[in-house]
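For reference, start.cif (mmCIF, C-alpha atoms):
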data_upload
#
loop_
_atom_site.label_atom_id
_atom_site.label_comp_id
_atom_site.auth_asym_id
_atom_site.auth_seq_id
_atom_site.Cartn_x
_atom_site.Cartn_y
_atom_site.Cartn_z
CA MET A 25 37.10 -45.80 -219.16
CA LYS A 26 35.94 -48.83 -217.24
CA PHE A 27 35.36 -48.74 -213.51
CA GLU A 28 34.87 -51.60 -211.08
CA VAL A 29 31.81 -50.98 -208.95
CA ALA A 30 30.63 -52.60 -205.72
CA VAL A 31 27.25 -51.64 -204.30
CA GLU A 32 26.49 -52.86 -200.81
CA VAL A 33 22.78 -52.92 -200.02
CA ARG A 34 21.98 -53.16 -196.31
CA LEU A 35 18.78 -53.08 -194.35
CA ARG A 36 18.48 -49.75 -192.54
CA GLU A 37 19.13 -49.66 -188.83
CA GLY A 38 16.03 -50.65 -186.90
CA ILE A 39 14.60 -52.76 -189.73
CA ALA A 40 14.20 -56.37 -188.58
CA ASP A 41 16.62 -58.80 -190.24
CA PRO A 42 15.21 -62.33 -189.82
CA GLN A 43 18.03 -63.88 -191.87
CA GLY A 44 20.64 -62.32 -189.58
CA GLN A 45 18.71 -63.34 -186.47
CA THR A 46 18.55 -66.93 -187.69
CA ILE A 47 22.33 -67.02 -188.21
CA GLU A 48 22.91 -65.46 -184.78
CA ARG A 49 20.69 -68.01 -183.05
CA ALA A 50 22.32 -70.93 -184.88
CA LEU A 51 25.92 -70.03 -184.05
CA PRO A 52 26.14 -71.07 -180.37
CA ALA A 53 24.77 -74.54 -181.20
CA LEU A 54 27.58 -74.87 -183.76
CA GLY A 55 30.22 -73.94 -181.21
CA PHE A 56 30.71 -70.27 -182.10
CA ASP A 57 30.25 -67.92 -179.19
CA GLY A 58 30.65 -64.18 -178.84
CA VAL A 59 28.96 -63.20 -182.09
CA GLU A 60 26.30 -60.49 -182.04
CA GLY A 61 24.49 -58.02 -184.24
CA VAL A 62 24.40 -60.22 -187.34
CA ARG A 63 23.01 -58.37 -190.38
CA VAL A 64 22.80 -59.82 -193.87
CA GLY A 65 22.96 -57.62 -196.94
CA LYS A 66 23.64 -57.89 -200.64
CA VAL A 67 26.62 -56.86 -202.67
CA ILE A 68 26.25 -56.17 -206.38
CA ARG A 69 29.49 -56.00 -208.37
CA PHE A 70 29.87 -54.95 -212.00
CA GLU A 71 31.90 -52.94 -214.48
CA ILE A 72 30.66 -49.64 -215.84
CA GLU A 73 31.82 -47.62 -218.82
CA ALA A 74 31.98 -43.90 -217.98
CA SER A 75 34.07 -40.85 -218.87
CA ASP A 76 35.36 -40.44 -215.31
CA ALA A 77 34.86 -41.71 -211.77
CA ALA A 78 32.43 -38.92 -210.84
CA ASN A 79 30.15 -39.78 -213.78
CA ALA A 80 30.35 -43.47 -212.92
CA ARG A 81 29.36 -42.72 -209.33
CA GLY A 82 26.46 -40.53 -210.43
CA GLU A 83 25.08 -43.20 -212.71
CA VAL A 84 25.48 -45.92 -210.09
CA GLU A 85 23.75 -43.80 -207.43
CA GLU A 86 20.83 -43.22 -209.76
CA MET A 87 20.66 -46.99 -210.39
CA CYS A 88 20.59 -47.56 -206.61
CA ASP A 89 17.75 -45.10 -206.10
CA ARG A 90 15.74 -46.39 -209.02
CA PHE A 91 16.02 -50.11 -208.72
CA LEU A 92 18.99 -51.73 -207.00
CA ALA A 93 17.67 -50.91 -203.54
CA ASN A 94 14.46 -50.03 -201.77
CA PRO A 95 15.24 -46.69 -200.09
CA VAL A 96 12.37 -47.14 -197.63
CA ILE A 97 14.09 -50.05 -195.89
CA GLU A 98 17.61 -50.21 -197.38
CA ASP A 99 20.79 -48.14 -197.37
CA THR A 100 23.40 -48.38 -200.12
CA GLU A 101 27.14 -47.84 -200.14
CA VAL A 102 28.87 -47.39 -203.49
CA THR A 103 32.57 -48.17 -203.96
CA ILE A 104 34.22 -47.33 -207.29
CA THR A 105 37.77 -48.36 -208.21
CA MET B 19 38.06 -57.25 -177.49
CA LYS B 20 35.30 -56.71 -179.99
CA PHE B 21 35.96 -56.74 -183.71
CA GLU B 22 33.71 -55.64 -186.55
CA VAL B 23 33.51 -58.34 -189.19
CA ALA B 24 32.29 -58.26 -192.78
CA VAL B 25 32.11 -61.50 -194.75
CA GLU B 26 31.46 -61.17 -198.46
CA VAL B 27 30.13 -64.36 -200.02
CA ARG B 28 30.40 -64.47 -203.82
CA LEU B 29 29.63 -67.10 -206.39
CA ARG B 30 32.87 -68.54 -207.75
CA GLU B 31 33.99 -67.48 -211.18
CA GLY B 32 32.30 -69.56 -213.85
CA ILE B 33 29.25 -70.33 -211.72
CA ALA B 34 26.12 -68.98 -213.41
CA ASP B 35 24.53 -66.01 -211.63
CA PRO B 36 20.92 -65.71 -212.82
CA GLN B 37 20.20 -62.81 -210.44
CA GLY B 38 23.11 -60.82 -211.87
CA GLN B 39 22.10 -61.70 -215.44
CA THR B 40 18.57 -60.47 -214.78
CA ILE B 41 19.86 -57.13 -213.48
CA GLU B 42 22.22 -56.80 -216.46
CA ARG B 43 19.43 -57.45 -218.96
CA ALA B 44 17.06 -55.02 -217.25
CA LEU B 45 19.47 -52.06 -217.14
CA PRO B 46 19.42 -50.93 -220.82
CA ALA B 47 15.59 -50.78 -220.79
CA LEU B 48 15.84 -48.49 -217.76
CA GLY B 49 18.27 -46.16 -219.52
CA PHE B 50 21.55 -47.42 -218.05
CA ASP B 51 24.11 -48.43 -220.64
CA GLY B 52 27.68 -49.63 -220.37
CA VAL B 53 27.20 -52.02 -217.46
CA GLU B 54 28.58 -55.53 -217.70
CA GLY B 55 29.62 -58.50 -215.62
CA VAL B 56 26.95 -58.06 -212.95
CA ARG B 57 27.40 -60.51 -210.05
CA VAL B 58 25.28 -60.56 -206.92
CA GLY B 59 26.65 -61.78 -203.60
CA LYS B 60 25.87 -61.56 -199.92
CA VAL B 61 27.54 -59.62 -197.17
CA ILE B 62 27.22 -60.75 -193.57
CA ARG B 63 28.22 -58.19 -190.93
CA PHE B 64 28.54 -58.79 -187.21
CA GLU B 65 30.61 -58.20 -184.08
CA ILE B 66 32.78 -60.89 -182.58
CA GLU B 67 34.42 -61.12 -179.16
CA ALA B 68 37.99 -62.46 -179.43
CA SER B 69 41.35 -62.01 -177.72
CA ASP B 70 42.98 -60.53 -180.84
CA ALA B 71 42.41 -59.96 -184.55
CA ALA B 72 44.13 -63.20 -185.59
CA ASN B 73 41.86 -65.27 -183.35
CA ALA B 74 38.81 -63.38 -184.63
CA ARG B 75 39.84 -64.11 -188.22
CA GLY B 76 40.44 -67.80 -187.47
CA GLU B 77 37.02 -68.20 -185.92
CA VAL B 78 35.30 -66.32 -188.75
CA GLU B 79 37.07 -68.40 -191.39
CA GLU B 80 35.94 -71.58 -189.69
CA MET B 81 32.37 -70.21 -189.64
CA CYS B 82 32.65 -69.51 -193.38
CA ASP B 83 33.84 -73.04 -194.15
CA ARG B 84 31.28 -74.67 -191.93
CA PHE B 85 28.12 -72.80 -192.68
CA LEU B 86 28.21 -69.22 -193.92
CA ALA B 87 29.16 -70.26 -197.44
CA ASN B 88 29.07 -73.27 -199.71
CA PRO B 89 32.72 -73.77 -200.72
CA VAL B 90 31.72 -75.80 -203.78
CA ILE B 91 30.17 -72.78 -205.47
CA GLU B 92 31.09 -69.78 -203.32
CA ASP B 93 34.20 -67.81 -202.35
CA THR B 94 34.41 -65.75 -199.18
CA GLU B 95 36.36 -62.64 -198.28
CA VAL B 96 36.72 -61.74 -194.60
CA THR B 97 37.38 -58.18 -193.46
CA ILE B 98 38.07 -57.51 -189.78
CA THR B 99 38.35 -54.02 -188.28
#
Re-express the file's structure as structure tokens.
Amino acid sequence: MKFEVAVEVRLREGIADPQGQTIERALPALGFDGVEGVRVGKVIRFEIEASDAANARGEVEEMCDRFLANPVIEDTEVTIT
Amino acid sequence: MKFEVAVEVRLREGIADPQGQTIERALPALGFDGVEGVRVGKVIRFEIEASDAANARGEVEEMCDRFLANPVIEDTEVTIT
């Protein structure tokens, strides 16, 4: 069976996010007020062939730990449909 | 009211995604088979102050058009909670 996978990779709380800070600082000058806490992450989408959803999730979580994310500074969230 | 916003910025279909292709080529050598169609996007999360959810969405969509994404090559998906 094929499963659609989305992996969101975010910087952990407390880790500085210069890209997010730059966006946040730029917004008021562009006329957008009331925005705070901007954080920029990645989302990796793909299809995976697996016998069931649990196997797909296991494989994707191993991929996250091994090379899609840096667990020292990043958290991951796996969505399988 | 404050709303939590997530903006997913993806390359449009048909636009080459070298980062995704690199991940896809690397996976078999790392022992992960059965993965295809890897696409890498961005996710921008923040809080916005707005009178209601519809206003929040309108402001976020204008931000997307004006500077969070490049509409020539990117699609955006806005989630407000």
Exercise for review: Point out the residue among A:Glu86, A:Glu37, A:Glu73, A:Glu98 with the least atom-to-atom distance to chain B, counting all atoms listed in the file.
Suggested key: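 Closest to chain B, using all atoms listed in the file: A:Glu73.
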Point to revise | Nearest candidate to B:Glu54 (options B:Glu95, B:Glu42, B:Glu79, B:Glu26; using only C-alpha atoms) | key: B:Glu42
Review point. Which residues of chain B are close to chain A, meaning at most 6 Å apart when you count only C-alpha atoms, and how do they look as a PyMOL selection string?
Key: chain B and resi 52-67
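Between B:Ser69 and the candidates B:Cys82, B:Val90, B:Met19, B:Ala34, the tightest atom-to-atom separation, counting only C-alpha atoms, involves B:Met19.
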Review point. What is the distance between atom CA of A:Thr105 and atom CA of A:Asn79, in Å to one decimal?
Key: 12.8 Å
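Atom CA of A:Arg49 to atom CA of A:Asp99 spans 24.5 Å [interatomic distance, one decimal].
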Exercise for review: Please indicate the distance in Å from atom CA of A:Ala77 to atom CA of B:Gly32, rounded to one decimal place.
Suggested key: 28.0 Å
Review point. Which residues come within 7 Å of B:Ile91, counting only C-alpha atoms, excluding same-chain residues fewer than 6 positions away, as a PyMOL selection string?
Key: chain B and resi 29-30+33
